[in-house]
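Source file: entry_35.cif. Holds: mmCIF, C-alpha atoms (C1' of nucleotides).
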```
data_structure
loop_
_atom_site.group_PDB
_atom_site.id
_atom_site.type_symbol
_atom_site.label_atom_id
_atom_site.label_comp_id
_atom_site.auth_asym_id
_atom_site.auth_seq_id
_atom_site.Cartn_x
_atom_site.Cartn_y
_atom_site.Cartn_z
ATOM 1 C CA MET A 204 11.131 -8.820 4.456
ATOM 2 C CA LEU A 205 8.661 -8.084 1.750
ATOM 3 C CA ASP A 206 8.067 -4.592 0.538
ATOM 4 C CA LYS A 207 5.358 -2.623 2.306
ATOM 5 C CA LYS A 208 3.291 -2.222 -0.838
ATOM 6 C CA LEU A 209 3.414 -5.906 -1.633
ATOM 7 C CA VAL A 210 2.283 -6.621 1.903
ATOM 8 C CA ALA A 211 -0.614 -4.224 1.410
ATOM 9 C CA ALA A 212 -1.559 -5.838 -1.879
ATOM 10 C CA THR A 213 -1.633 -9.363 -0.504
ATOM 11 C CA SER A 214 -2.875 -9.021 3.062
ATOM 12 C CA GLU A 215 -6.605 -9.186 2.443
ATOM 13 C CA ALA A 216 -6.328 -11.970 -0.091
ATOM 14 C CA LEU A 217 -4.158 -14.003 2.271
ATOM 15 C CA ILE A 218 -6.505 -13.526 5.188
ATOM 16 C CA LEU A 219 -9.601 -14.390 3.193
ATOM 17 C CA SER A 220 -7.882 -17.457 1.745
ATOM 18 C CA ILE A 221 -6.795 -18.668 5.150
ATOM 19 C CA LEU A 222 -10.269 -18.177 6.591
ATOM 20 C CA GLN A 223 -11.706 -20.038 3.640
ATOM 21 C CA GLU A 224 -9.931 -23.119 4.925
ATOM 22 C CA GLY A 225 -11.484 -22.705 8.335
ATOM 23 C CA ASP A 226 -12.141 -20.138 11.041
ATOM 24 C CA SER A 227 -9.085 -18.680 12.658
ATOM 25 C CA TYR A 228 -7.937 -15.877 14.938
ATOM 26 C CA GLY A 229 -5.352 -13.122 14.830
ATOM 27 C CA TYR A 230 -2.398 -14.742 16.455
ATOM 28 C CA GLU A 231 -2.772 -17.929 14.473
ATOM 29 C CA ILE A 232 -3.150 -16.100 11.175
ATOM 30 C CA ILE A 233 0.139 -14.324 11.727
ATOM 31 C CA GLN A 234 1.936 -17.607 12.249
ATOM 32 C CA ARG A 235 0.174 -19.242 9.343
ATOM 33 C CA VAL A 236 1.335 -16.493 7.011
ATOM 34 C CA SER A 237 4.850 -16.767 8.280
ATOM 35 C CA ALA A 238 4.833 -20.485 7.575
ATOM 36 C CA LEU A 239 3.271 -20.090 4.139
ATOM 37 C CA SER A 240 5.998 -17.698 3.076
ATOM 38 C CA HIS A 241 8.824 -19.665 4.659
ATOM 39 C CA GLY A 242 9.376 -16.903 7.175
ATOM 40 C CA GLU A 243 9.637 -14.161 4.568
ATOM 41 C CA LEU A 244 6.414 -12.476 5.607
ATOM 42 C CA LYS A 245 6.555 -11.342 9.196
ATOM 43 C CA TRP A 246 3.237 -9.700 9.866
ATOM 44 C CA ASN A 247 2.820 -7.859 13.105
ATOM 45 C CA GLU A 248 -0.369 -7.235 15.028
ATOM 46 C CA SER A 249 -0.533 -3.562 14.237
ATOM 47 C CA MET A 250 -1.124 -4.303 10.585
ATOM 48 C CA LEU A 251 -3.236 -7.417 10.980
ATOM 49 C CA TYR A 252 -5.864 -6.230 13.431
ATOM 50 C CA PRO A 253 -6.790 -3.092 11.512
ATOM 51 C CA VAL A 254 -7.168 -5.206 8.368
ATOM 52 C CA LEU A 255 -9.316 -7.714 10.212
ATOM 53 C CA HIS A 256 -11.517 -4.919 11.593
ATOM 54 C CA ARG A 257 -11.794 -3.344 8.178
ATOM 55 C CA LEU A 258 -12.852 -6.623 6.613
ATOM 56 C CA GLU A 259 -15.443 -7.031 9.327
ATOM 57 C CA ASN A 260 -16.780 -3.507 8.892
ATOM 58 C CA ASN A 261 -17.089 -4.117 5.185
ATOM 59 C CA GLY A 262 -19.071 -7.281 5.724
ATOM 60 C CA MET A 263 -16.390 -9.623 4.422
ATOM 61 C CA VAL A 264 -15.925 -11.555 7.637
ATOM 62 C CA SER A 265 -17.699 -12.108 10.957
ATOM 63 C CA SER A 266 -16.214 -12.656 14.380
ATOM 64 C CA TYR A 267 -17.095 -14.433 17.598
ATOM 65 C CA TRP A 268 -15.329 -15.000 20.884
ATOM 66 C CA GLN A 269 -14.459 -18.496 21.933
ATOM 67 C CA ALA A 270 -12.227 -19.885 24.629
ATOM 68 C CA SER A 271 -9.169 -21.899 23.701
ATOM 69 C CA PRO A 272 -8.421 -25.230 25.423
ATOM 70 C CA THR A 273 -6.162 -23.354 27.808
ATOM 71 C CA GLY A 274 -8.938 -21.012 28.789
ATOM 72 C CA ARG A 275 -7.711 -17.960 26.927
ATOM 73 C CA GLN A 276 -10.334 -16.040 24.997
ATOM 74 C CA ARG A 277 -9.791 -15.862 21.273
ATOM 75 C CA LYS A 278 -11.616 -13.813 18.689
ATOM 76 C CA TYR A 279 -12.327 -16.116 15.801
ATOM 77 C CA TYR A 280 -13.126 -14.888 12.307
ATOM 78 C CA SER A 281 -15.051 -16.581 9.523
ATOM 79 C CA VAL A 282 -15.564 -15.543 5.911
ATOM 80 C CA ASP A 283 -18.935 -14.315 4.763
ATOM 81 C CA GLU A 284 -20.381 -14.617 1.310
ATOM 82 C CA ASP A 285 -19.225 -11.159 0.350
ATOM 83 C CA GLY A 286 -15.774 -12.113 1.514
ATOM 84 C CA LEU A 287 -15.691 -15.105 -0.788
ATOM 85 C CA ALA A 288 -16.814 -12.976 -3.714
ATOM 86 C CA GLU A 289 -14.163 -10.428 -2.858
ATOM 87 C CA LEU A 290 -11.574 -13.171 -2.737
ATOM 88 C CA GLU A 291 -12.494 -14.323 -6.226
ATOM 89 C CA GLU A 292 -12.137 -10.781 -7.489
ATOM 90 C CA LYS A 293 -8.747 -10.476 -5.839
ATOM 91 C CA LYS A 294 -7.637 -13.713 -7.423
ATOM 92 C CA ARG A 295 -8.691 -12.388 -10.803
ATOM 93 C CA GLN A 296 -6.751 -9.197 -10.282
ATOM 94 C CA TRP A 297 -3.700 -11.027 -9.047
ATOM 95 C CA ARG A 298 -3.646 -13.131 -12.184
ATOM 96 C CA ILE A 299 -3.840 -10.054 -14.354
ATOM 97 C CA ALA A 300 -0.910 -8.465 -12.558
ATOM 98 C CA ASP A 301 0.990 -11.735 -12.595
ATOM 99 C CA GLY A 302 0.280 -12.102 -16.285
ATOM 100 C CA ALA A 303 1.575 -8.625 -17.082
ATOM 101 C CA LEU A 304 4.754 -9.203 -15.105
ATOM 102 C CA GLY A 305 5.089 -12.713 -16.455
ATOM 103 C CA SER A 306 4.993 -11.546 -20.035
ATOM 104 C CA LEU A 307 7.884 -9.229 -19.239
ATOM 105 C CA TRP A 308 9.883 -11.670 -17.188
ATOM 106 C CA GLY A 309 9.639 -15.271 -18.149
ATOM 107 C CA PRO A 310 10.464 -16.684 -21.532
ATOM 108 C CA ASN A 311 6.746 -17.398 -21.492
ATOM 109 C CA ASP A 312 7.192 -21.099 -22.104
ATOM 110 C CA GLU A 313 3.716 -22.554 -22.075
ATOM 111 C CA VAL A 314 2.971 -20.964 -18.755
ATOM 112 C CA HIS A 315 1.677 -17.482 -19.319
ATOM 113 C CA VAL A 316 0.843 -17.936 -22.929
ATOM 114 C CA ARG A 317 -2.819 -18.685 -22.786
ATOM 115 C CA GLN A 318 -4.506 -15.719 -24.363
ATOM 116 C CA ALA A 319 -7.185 -15.902 -21.753
ATOM 117 C CA LYS A 320 -9.718 -13.885 -23.579
ATOM 118 C CA GLU A 321 -12.856 -15.827 -22.949
ATOM 119 C CA MET B 142 -9.644 -1.684 -12.700
ATOM 120 C CA LEU B 143 -7.066 -3.188 -10.435
ATOM 121 C CA ASP B 144 -7.061 -2.437 -6.774
ATOM 122 C CA LYS B 145 -5.040 0.558 -5.652
ATOM 123 C CA LYS B 146 -2.757 -1.528 -3.481
ATOM 124 C CA LEU B 147 -1.999 -3.986 -6.237
ATOM 125 C CA VAL B 148 -1.166 -1.086 -8.513
ATOM 126 C CA ALA B 149 1.216 0.246 -5.886
ATOM 127 C CA ALA B 150 2.845 -3.134 -5.471
ATOM 128 C CA THR B 151 3.491 -3.638 -9.175
ATOM 129 C CA SER B 152 4.221 -0.165 -10.511
ATOM 130 C CA GLU B 153 7.950 -0.050 -9.890
ATOM 131 C CA ALA B 154 8.522 -3.593 -11.069
ATOM 132 C CA LEU B 155 6.554 -2.951 -14.248
ATOM 133 C CA ILE B 156 8.409 0.250 -14.997
ATOM 134 C CA LEU B 157 11.826 -1.265 -14.383
ATOM 135 C CA SER B 158 10.935 -4.281 -16.500
ATOM 136 C CA ILE B 159 9.724 -2.131 -19.352
ATOM 137 C CA LEU B 160 12.835 0.017 -19.234
ATOM 138 C CA GLN B 161 14.953 -3.097 -19.227
ATOM 139 C CA GLU B 162 13.682 -3.790 -22.726
ATOM 140 C CA GLY B 163 14.719 -0.347 -23.853
ATOM 141 C CA ASP B 164 14.549 3.298 -22.893
ATOM 142 C CA SER B 165 11.090 4.777 -22.798
ATOM 143 C CA TYR B 166 9.159 7.830 -21.639
ATOM 144 C CA GLY B 167 6.099 8.511 -19.536
ATOM 145 C CA TYR B 168 3.379 8.581 -22.091
ATOM 146 C CA GLU B 169 4.612 5.442 -23.810
ATOM 147 C CA ILE B 170 4.986 3.533 -20.564
ATOM 148 C CA ILE B 171 1.361 4.200 -19.698
ATOM 149 C CA GLN B 172 0.211 2.738 -22.997
ATOM 150 C CA ARG B 173 2.576 -0.178 -22.748
ATOM 151 C CA VAL B 174 1.176 -1.124 -19.367
ATOM 152 C CA SER B 175 -2.343 -0.866 -20.655
ATOM 153 C CA ALA B 176 -1.490 -3.199 -23.517
ATOM 154 C CA LEU B 177 0.338 -5.669 -21.279
ATOM 155 C CA SER B 178 -2.676 -6.014 -19.029
ATOM 156 C CA HIS B 179 -5.222 -6.162 -21.825
ATOM 157 C CA GLY B 180 -6.593 -2.801 -20.769
ATOM 158 C CA GLU B 181 -7.102 -3.774 -17.135
ATOM 159 C CA LEU B 182 -4.430 -1.444 -15.825
ATOM 160 C CA LYS B 183 -5.183 2.144 -16.661
ATOM 161 C CA TRP B 184 -2.352 4.147 -15.232
ATOM 162 C CA ASN B 185 -2.620 7.891 -15.249
ATOM 163 C CA GLU B 186 0.126 10.475 -15.211
ATOM 164 C CA SER B 187 -0.434 11.534 -11.640
ATOM 165 C CA MET B 188 0.662 8.147 -10.389
ATOM 166 C CA LEU B 189 3.333 7.438 -12.971
ATOM 167 C CA TYR B 190 5.396 10.620 -12.843
ATOM 168 C CA PRO B 191 5.877 10.605 -9.078
ATOM 169 C CA VAL B 192 7.018 6.983 -9.315
ATOM 170 C CA LEU B 193 9.411 7.828 -12.115
ATOM 171 C CA HIS B 194 10.832 10.734 -10.147
ATOM 172 C CA ARG B 195 11.169 8.600 -7.069
ATOM 173 C CA LEU B 196 13.051 5.941 -8.991
ATOM 174 C CA GLU B 197 15.362 8.604 -10.361
ATOM 175 C CA ASN B 198 15.988 10.140 -6.944
ATOM 176 C CA ASN B 199 16.844 6.713 -5.623
ATOM 177 C CA GLY B 200 19.342 6.103 -8.389
ATOM 178 C CA MET B 201 17.349 3.352 -10.067
ATOM 179 C CA VAL B 202 16.920 5.131 -13.377
ATOM 180 C CA SER B 203 18.368 8.082 -15.276
ATOM 181 C CA SER B 204 16.621 10.483 -17.597
ATOM 182 C CA TYR B 205 17.477 12.602 -20.600
ATOM 183 C CA TRP B 206 15.502 14.827 -22.899
ATOM 184 C CA GLN B 207 15.275 13.937 -26.532
ATOM 185 C CA ALA B 208 13.108 15.152 -29.362
ATOM 186 C CA SER B 209 10.640 12.820 -30.981
ATOM 187 C CA PRO B 210 10.462 12.560 -34.786
ATOM 188 C CA THR B 211 7.624 15.067 -34.669
ATOM 189 C CA GLY B 212 9.738 17.561 -32.777
ATOM 190 C CA ARG B 213 8.079 17.170 -29.374
ATOM 191 C CA GLN B 214 10.429 16.902 -26.450
ATOM 192 C CA ARG B 215 10.264 13.677 -24.530
ATOM 193 C CA LYS B 216 11.897 12.753 -21.248
ATOM 194 C CA TYR B 217 13.400 9.338 -21.732
ATOM 195 C CA TYR B 218 14.297 7.059 -18.865
ATOM 196 C CA SER B 219 16.839 4.237 -18.736
ATOM 197 C CA VAL B 220 17.552 1.713 -16.005
ATOM 198 C CA ASP B 221 20.727 1.956 -13.987
ATOM 199 C CA GLU B 222 22.598 -0.875 -12.379
ATOM 200 C CA ASP B 223 20.884 -0.307 -9.067
ATOM 201 C CA GLY B 224 17.581 -0.430 -10.868
ATOM 202 C CA LEU B 225 18.363 -3.830 -12.308
ATOM 203 C CA ALA B 226 19.356 -5.129 -8.891
ATOM 204 C CA GLU B 227 16.177 -3.702 -7.446
ATOM 205 C CA LEU B 228 14.189 -5.398 -10.157
ATOM 206 C CA GLU B 229 15.713 -8.742 -9.284
ATOM 207 C CA GLU B 230 14.786 -8.202 -5.653
ATOM 208 C CA LYS B 231 11.253 -7.312 -6.623
ATOM 209 C CA LYS B 232 11.008 -10.443 -8.735
ATOM 210 C CA ARG B 233 12.123 -12.487 -5.765
ATOM 211 C CA GLN B 234 9.545 -10.894 -3.512
ATOM 212 C CA TRP B 235 6.799 -11.317 -6.068
ATOM 213 C CA ARG B 236 7.554 -15.019 -6.312
ATOM 214 C CA ILE B 237 7.366 -15.382 -2.551
ATOM 215 C CA ALA B 238 3.979 -13.663 -2.438
ATOM 216 C CA ASP B 239 2.798 -15.619 -5.457
ATOM 217 C CA GLY B 240 4.005 -18.811 -3.842
ATOM 218 C CA ALA B 241 2.138 -18.132 -0.622
ATOM 219 C CA LEU B 242 -1.070 -17.328 -2.462
ATOM 220 C CA GLY B 243 -0.547 -20.203 -4.853
ATOM 221 C CA SER B 244 -0.257 -22.721 -2.057
ATOM 222 C CA LEU B 245 -3.605 -21.521 -0.759
ATOM 223 C CA TRP B 246 -5.323 -21.313 -4.105
ATOM 224 C CA GLY B 247 -4.332 -23.951 -6.545
ATOM 225 C CA PRO B 248 -2.376 -27.110 -6.769
ATOM 226 C CA ASN B 249 1.007 -25.510 -6.997
ATOM 227 C CA ASP B 250 2.265 -27.684 -9.815
ATOM 228 C CA GLU B 251 1.579 -26.613 -13.369
ATOM 229 C CA VAL B 252 1.655 -23.028 -12.193
ATOM 230 C CA HIS B 253 -1.800 -21.582 -11.803
ATOM 231 C CA VAL B 254 -3.487 -24.239 -13.806
ATOM 232 C CA ARG B 255 -6.428 -22.370 -15.075
ATOM 233 C CA GLN B 256 -8.941 -24.843 -13.723
ATOM 234 C CA ALA B 257 -11.696 -24.260 -16.185
ATOM 235 C CA LYS B 258 -14.122 -21.829 -14.723
ATOM 236 C CA GLU B 259 -17.317 -23.762 -14.695
ATOM 237 C "C1'" DT C 158 6.690 -16.553 44.722
ATOM 238 C "C1'" DT C 159 8.852 -14.346 41.116
ATOM 239 C "C1'" DG C 160 10.239 -13.507 36.539
ATOM 240 C "C1'" DA C 161 10.552 -14.557 31.738
ATOM 241 C "C1'" DC C 162 8.246 -15.736 27.759
ATOM 242 C "C1'" DA C 163 4.531 -17.118 24.672
ATOM 243 C "C1'" DT C 164 -0.103 -16.169 23.781
ATOM 244 C "C1'" DA C 165 -3.819 -12.891 22.719
ATOM 245 C "C1'" DC C 166 -6.143 -8.634 22.074
ATOM 246 C "C1'" DC C 167 -5.957 -3.497 20.807
ATOM 247 C "C1'" DT C 168 -4.780 1.757 19.388
ATOM 248 C "C1'" DC C 169 -2.094 5.911 18.148
ATOM 249 C "C1'" DA C 170 1.044 8.765 15.322
ATOM 250 C "C1'" DC C 171 3.674 9.034 11.377
ATOM 251 C "C1'" DA C 172 5.083 8.574 6.722
ATOM 252 C "C1'" DA C 173 4.260 6.765 2.150
ATOM 253 C "C1'" DC C 174 1.594 6.518 -1.858
ATOM 254 C "C1'" DG C 175 -2.275 6.252 -5.539
ATOM 255 C "C1'" DC C 176 -5.032 9.235 -8.014
ATOM 256 C "C1'" DG C 177 -8.699 12.769 -9.249
ATOM 257 C "C1'" DA C 178 -8.338 17.388 -10.400
ATOM 258 C "C1'" DT C 179 -5.815 20.798 -12.467
ATOM 259 C "C1'" DG C 180 -2.500 23.208 -15.278
ATOM 260 C "C1'" DC C 181 0.603 24.121 -19.318
ATOM 261 C "C1'" DA C 182 2.389 23.413 -24.022
ATOM 262 C "C1'" DT C 183 2.778 21.308 -28.846
ATOM 263 C "C1'" DC C 184 1.345 18.626 -32.916
ATOM 264 C "C1'" DG C 185 -1.914 16.731 -36.472
ATOM 265 C "C1'" DT C 186 -6.219 16.948 -38.697
ATOM 266 C "C1'" DG C 187 -10.596 18.500 -40.346
ATOM 267 C "C1'" DC D 127 -9.387 27.787 -35.809
ATOM 268 C "C1'" DA D 128 -11.029 24.146 -32.827
ATOM 269 C "C1'" DC D 129 -10.194 19.841 -30.852
ATOM 270 C "C1'" DG D 130 -8.224 15.634 -29.589
ATOM 271 C "C1'" DA D 131 -3.882 13.281 -28.881
ATOM 272 C "C1'" DT D 132 0.565 13.787 -27.106
ATOM 273 C "C1'" DG D 133 3.671 15.076 -23.393
ATOM 274 C "C1'" DC D 134 5.197 16.940 -18.922
ATOM 275 C "C1'" DA D 135 4.100 18.207 -14.033
ATOM 276 C "C1'" DT D 136 2.015 19.278 -9.027
ATOM 277 C "C1'" DC D 137 -1.474 19.539 -5.156
ATOM 278 C "C1'" DG D 138 -4.584 17.648 -1.756
ATOM 279 C "C1'" DC D 139 -7.201 13.911 -0.069
ATOM 280 C "C1'" DG D 140 -7.954 9.460 1.772
ATOM 281 C "C1'" DT D 141 -5.999 4.968 2.714
ATOM 282 C "C1'" DT D 142 -2.730 2.038 4.802
ATOM 283 C "C1'" DG D 143 1.539 -0.336 6.866
ATOM 284 C "C1'" DT D 144 4.055 -0.227 11.012
ATOM 285 C "C1'" DG D 145 7.000 1.068 15.135
ATOM 286 C "C1'" DA D 146 5.846 1.955 19.662
ATOM 287 C "C1'" DG D 147 2.891 1.459 23.288
ATOM 288 C "C1'" DG D 148 -0.847 -0.672 26.313
ATOM 289 C "C1'" DT D 149 -3.481 -4.630 28.755
ATOM 290 C "C1'" DA D 150 -4.108 -9.304 30.296
ATOM 291 C "C1'" DT D 151 -3.555 -14.535 30.946
ATOM 292 C "C1'" DG D 152 -1.325 -18.966 30.452
ATOM 293 C "C1'" DT D 153 3.131 -22.090 31.291
ATOM 294 C "C1'" DC D 154 7.419 -23.197 33.343
ATOM 295 C "C1'" DA D 155 11.666 -23.014 35.726
ATOM 296 C "C1'" DA D 156 14.416 -21.020 39.511
#
```
Have the structure of the file written as structure tokens, please.
Amino acid sequence: MLDKKLVAATSEALILSILQEGDSYGYEIIQRVSALSHGELKWNESMLYPVLHRLENNGMVSSYWQASPTGRQRKYYSVDEDGLAELEEKKRQWRIADGALGSLWGPNDEVHVRQAKE
Amino acid sequence: MLDKKLVAATSEALILSILQEGDSYGYEIIQRVSALSHGELKWNESMLYPVLHRLENNGMVSSYWQASPTGRQRKYYSVDEDGLAELEEKKRQWRIADGALGSLWGPNDEVHVRQAKE
DNA sequence: TTGACATACCTCACAACGCGATGCATCGTG
DNA sequence: CACGATGCATCGCGTTGTGAGGTATGTCAA
């Protein structure tokens, strides 16, 4: 399992990225994340739903109910414009953090070298 | 400024990595982090010291007082064996998270190819 | 029919943690 | 002497993951 804090730091970015590929709903997102991390990230509903609601309250995503082929009701989410902007900002921040760690870890062979200044 | 959650997720790994390069003390660590992130991470003492104390209580690092050339007392920290093991674990987790995000963001070859921001 | 299990949504209570505010002390410099 | 830089530390607030709990519907085999 991943550390709690790392989960917190990646949850919104993961959700927004997944929704960017197409609308989805809670249960599916959980499984998608599990697959993406090769089973290392096991999200549970009690962390996902609050995040989803928070994103919605902040205008990052919108939701709508729609029935699945089996008849079950699902609450689908889609990214809004603000959500996409937020995602870009999160990507930027992730790269900064990754760069800082990378410069301490790797023998920075061609990878993290770029002095991305401008 | 980086998001609070991302700060939380990287603080211990950054500290352990910095200490791995040589013993250091609070004030210096804060500046080192700022430099590593090109000024994007502005840690303050009220987040660093609790983390340092936590790491010490958990047996990850040890501390000792030593006077600086100017005479001021400094509390130096050094990594313990458990701290190094913990660092390795944190590296592993970071790579998993980075891998998951990477597979959603970029073509995962070339590592984060900085696709020219148009 | 019954029971187990996957699917699908949600909330509450608790603990952990960043961080602004605050405090104390020393050193160098003008 | 005043002031900023250095150097350590704690308190209280708000945010957040998460175990535990709740509700409801679909499939499938016994």
Select, as a PyMOL selection string, those residues of chain A with any atom no more than 9 Å from chain D (distances computed using all atoms listed in the file). chain A and resi 207-208+210-211+247+249-250+273-275
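The space between atom CA of A:Ser265 and atom CA of A:Ser227 spans 11.0 Å.
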Run the PyMOL selection byres ((chain B) within 12 of (chain A)) against the file shown and list the residues it catches, as a PyMOL selection string. chain B and resi 142-162+173-182+227-247+250-255+257-258
Fit chain B to chain A, all Cα atoms paired in order, least squares. Then write it as an mmCIF file with C-alpha atoms, in the coordinates of the input.
```
data_model
loop_
_atom_site.group_PDB
_atom_site.id
_atom_site.type_symbol
_atom_site.label_atom_id
_atom_site.label_comp_id
_atom_site.auth_asym_id
_atom_site.auth_seq_id
_atom_site.Cartn_x
_atom_site.Cartn_y
_atom_site.Cartn_z
ATOM 1 C CA MET B 142 10.411 -9.790 2.091
ATOM 2 C CA LEU B 143 7.668 -8.710 -0.223
ATOM 3 C CA ASP B 144 7.209 -5.106 -1.099
ATOM 4 C CA LYS B 145 4.928 -3.086 1.144
ATOM 5 C CA LYS B 146 2.518 -2.300 -1.658
ATOM 6 C CA LEU B 147 2.201 -5.906 -2.709
ATOM 7 C CA VAL B 148 1.492 -6.830 0.887
ATOM 8 C CA ALA B 149 -1.237 -4.204 0.986
ATOM 9 C CA ALA B 150 -2.735 -5.460 -2.244
ATOM 10 C CA THR B 151 -2.928 -9.079 -1.124
ATOM 11 C CA SER B 152 -3.671 -8.904 2.590
ATOM 12 C CA GLU B 153 -7.448 -8.761 2.445
ATOM 13 C CA ALA B 154 -7.707 -11.386 -0.259
ATOM 14 C CA LEU B 155 -5.423 -13.726 1.665
ATOM 15 C CA ILE B 156 -7.336 -13.277 4.889
ATOM 16 C CA LEU B 157 -10.722 -13.790 3.270
ATOM 17 C CA SER B 158 -9.448 -16.853 1.436
ATOM 18 C CA ILE B 159 -8.027 -18.357 4.589
ATOM 19 C CA LEU B 160 -11.233 -17.730 6.495
ATOM 20 C CA GLN B 161 -13.182 -19.301 3.682
ATOM 21 C CA GLU B 162 -11.487 -22.578 4.536
ATOM 22 C CA GLY B 163 -12.557 -22.266 8.136
ATOM 23 C CA ASP B 164 -12.677 -19.844 11.027
ATOM 24 C CA SER B 165 -9.329 -18.705 12.312
ATOM 25 C CA TYR B 166 -7.695 -16.136 14.575
ATOM 26 C CA GLY B 167 -4.932 -13.580 14.286
ATOM 27 C CA TYR B 168 -1.945 -15.508 15.425
ATOM 28 C CA GLU B 169 -2.818 -18.529 13.318
ATOM 29 C CA ILE B 170 -3.466 -16.466 10.212
ATOM 30 C CA ILE B 171 0.000 -14.957 10.434
ATOM 31 C CA GLN B 172 1.589 -18.394 10.508
ATOM 32 C CA ARG B 173 -0.643 -19.695 7.772
ATOM 33 C CA VAL B 174 0.407 -16.884 5.473
ATOM 34 C CA SER B 175 4.033 -17.495 6.240
ATOM 35 C CA ALA B 176 3.628 -21.155 5.347
ATOM 36 C CA LEU B 177 1.681 -20.415 2.168
ATOM 37 C CA SER B 178 4.432 -18.166 0.888
ATOM 38 C CA HIS B 179 7.284 -20.423 1.932
ATOM 39 C CA GLY B 180 8.359 -17.886 4.520
ATOM 40 C CA GLU B 181 8.497 -14.970 2.093
ATOM 41 C CA LEU B 182 5.582 -13.142 3.656
ATOM 42 C CA LYS B 183 6.248 -12.285 7.257
ATOM 43 C CA TRP B 184 3.177 -10.508 8.474
ATOM 44 C CA ASN B 185 3.261 -8.910 11.869
ATOM 45 C CA GLU B 186 0.405 -8.126 14.203
ATOM 46 C CA SER B 187 0.501 -4.403 13.642
ATOM 47 C CA MET B 188 -0.563 -4.845 10.049
ATOM 48 C CA LEU B 189 -2.884 -7.794 10.515
ATOM 49 C CA TYR B 190 -5.102 -6.592 13.349
ATOM 50 C CA PRO B 191 -6.008 -3.277 11.738
ATOM 51 C CA VAL B 192 -6.935 -5.161 8.564
ATOM 52 C CA LEU B 193 -9.031 -7.615 10.528
ATOM 53 C CA HIS B 194 -10.809 -4.798 12.328
ATOM 54 C CA ARG B 195 -11.389 -2.976 9.090
ATOM 55 C CA LEU B 196 -12.907 -6.058 7.507
ATOM 56 C CA GLU B 197 -15.174 -6.452 10.509
ATOM 57 C CA ASN B 198 -16.261 -2.813 10.450
ATOM 58 C CA ASN B 199 -17.092 -3.179 6.790
ATOM 59 C CA GLY B 200 -19.226 -6.230 7.423
ATOM 60 C CA MET B 201 -16.921 -8.651 5.637
ATOM 61 C CA VAL B 202 -16.206 -10.819 8.652
ATOM 62 C CA SER B 203 -17.571 -11.459 12.136
ATOM 63 C CA SER B 204 -15.691 -12.313 15.289
ATOM 64 C CA TYR B 205 -16.302 -14.222 18.487
ATOM 65 C CA TRP B 206 -14.190 -15.102 21.470
ATOM 66 C CA GLN B 207 -13.506 -18.712 22.207
ATOM 67 C CA ALA B 208 -11.093 -20.472 24.501
ATOM 68 C CA SER B 209 -8.345 -22.604 23.068
ATOM 69 C CA PRO B 210 -7.721 -26.108 24.448
ATOM 70 C CA THR B 211 -5.042 -24.593 26.657
ATOM 71 C CA GLY B 212 -7.478 -22.104 28.119
ATOM 72 C CA ARG B 213 -6.201 -19.007 26.313
ATOM 73 C CA GLN B 214 -8.853 -16.786 24.837
ATOM 74 C CA ARG B 215 -8.750 -16.402 21.101
ATOM 75 C CA LYS B 216 -10.699 -14.047 18.877
ATOM 76 C CA TYR B 217 -11.967 -16.110 15.997
ATOM 77 C CA TYR B 218 -13.072 -14.608 12.719
ATOM 78 C CA SER B 219 -15.470 -15.999 10.120
ATOM 79 C CA VAL B 220 -16.365 -14.700 6.677
ATOM 80 C CA ASP B 221 -19.757 -13.180 6.053
ATOM 81 C CA GLU B 222 -21.658 -13.163 2.814
ATOM 82 C CA ASP B 223 -20.363 -9.736 1.914
ATOM 83 C CA GLY B 224 -16.874 -10.995 2.555
ATOM 84 C CA LEU B 225 -17.318 -13.820 0.092
ATOM 85 C CA ALA B 226 -18.630 -11.423 -2.532
ATOM 86 C CA GLU B 227 -15.710 -9.129 -1.866
ATOM 87 C CA LEU B 228 -13.345 -12.032 -2.258
ATOM 88 C CA GLU B 229 -14.792 -12.849 -5.650
ATOM 89 C CA GLU B 230 -14.313 -9.245 -6.707
ATOM 90 C CA LYS B 231 -10.741 -9.302 -5.503
ATOM 91 C CA LYS B 232 -10.102 -12.490 -7.441
ATOM 92 C CA ARG B 233 -11.447 -10.823 -10.549
ATOM 93 C CA GLN B 234 -9.224 -7.808 -10.075
ATOM 94 C CA TRP B 235 -6.187 -9.941 -9.382
ATOM 95 C CA ARG B 236 -6.726 -11.816 -12.627
ATOM 96 C CA ILE B 237 -6.951 -8.568 -14.554
ATOM 97 C CA ALA B 238 -3.688 -7.321 -13.060
ATOM 98 C CA ASP B 239 -2.075 -10.711 -13.552
ATOM 99 C CA GLY B 240 -3.300 -10.758 -17.123
ATOM 100 C CA ALA B 241 -1.848 -7.348 -17.884
ATOM 101 C CA LEU B 242 1.505 -8.263 -16.387
ATOM 102 C CA GLY B 243 1.401 -11.688 -17.972
ATOM 103 C CA SER B 244 0.918 -10.276 -21.438
ATOM 104 C CA LEU B 245 4.033 -8.188 -20.916
ATOM 105 C CA TRP B 246 6.109 -10.892 -19.313
ATOM 106 C CA GLY B 247 5.534 -14.319 -20.660
ATOM 107 C CA PRO B 248 3.774 -16.097 -23.417
ATOM 108 C CA ASN B 249 0.364 -16.046 -21.859
ATOM 109 C CA ASP B 250 -0.456 -19.651 -22.624
ATOM 110 C CA GLU B 251 0.578 -22.305 -20.147
ATOM 111 C CA VAL B 252 0.192 -19.745 -17.401
ATOM 112 C CA HIS B 253 3.504 -18.356 -16.272
ATOM 113 C CA VAL B 254 5.537 -21.067 -17.833
ATOM 114 C CA ARG B 255 8.508 -21.052 -15.613
ATOM 115 C CA GLN B 256 10.969 -20.570 -18.436
ATOM 116 C CA ALA B 257 13.955 -22.193 -16.873
ATOM 117 C CA LYS B 258 16.076 -19.553 -15.303
ATOM 118 C CA GLU B 259 19.338 -19.947 -17.078
#
```
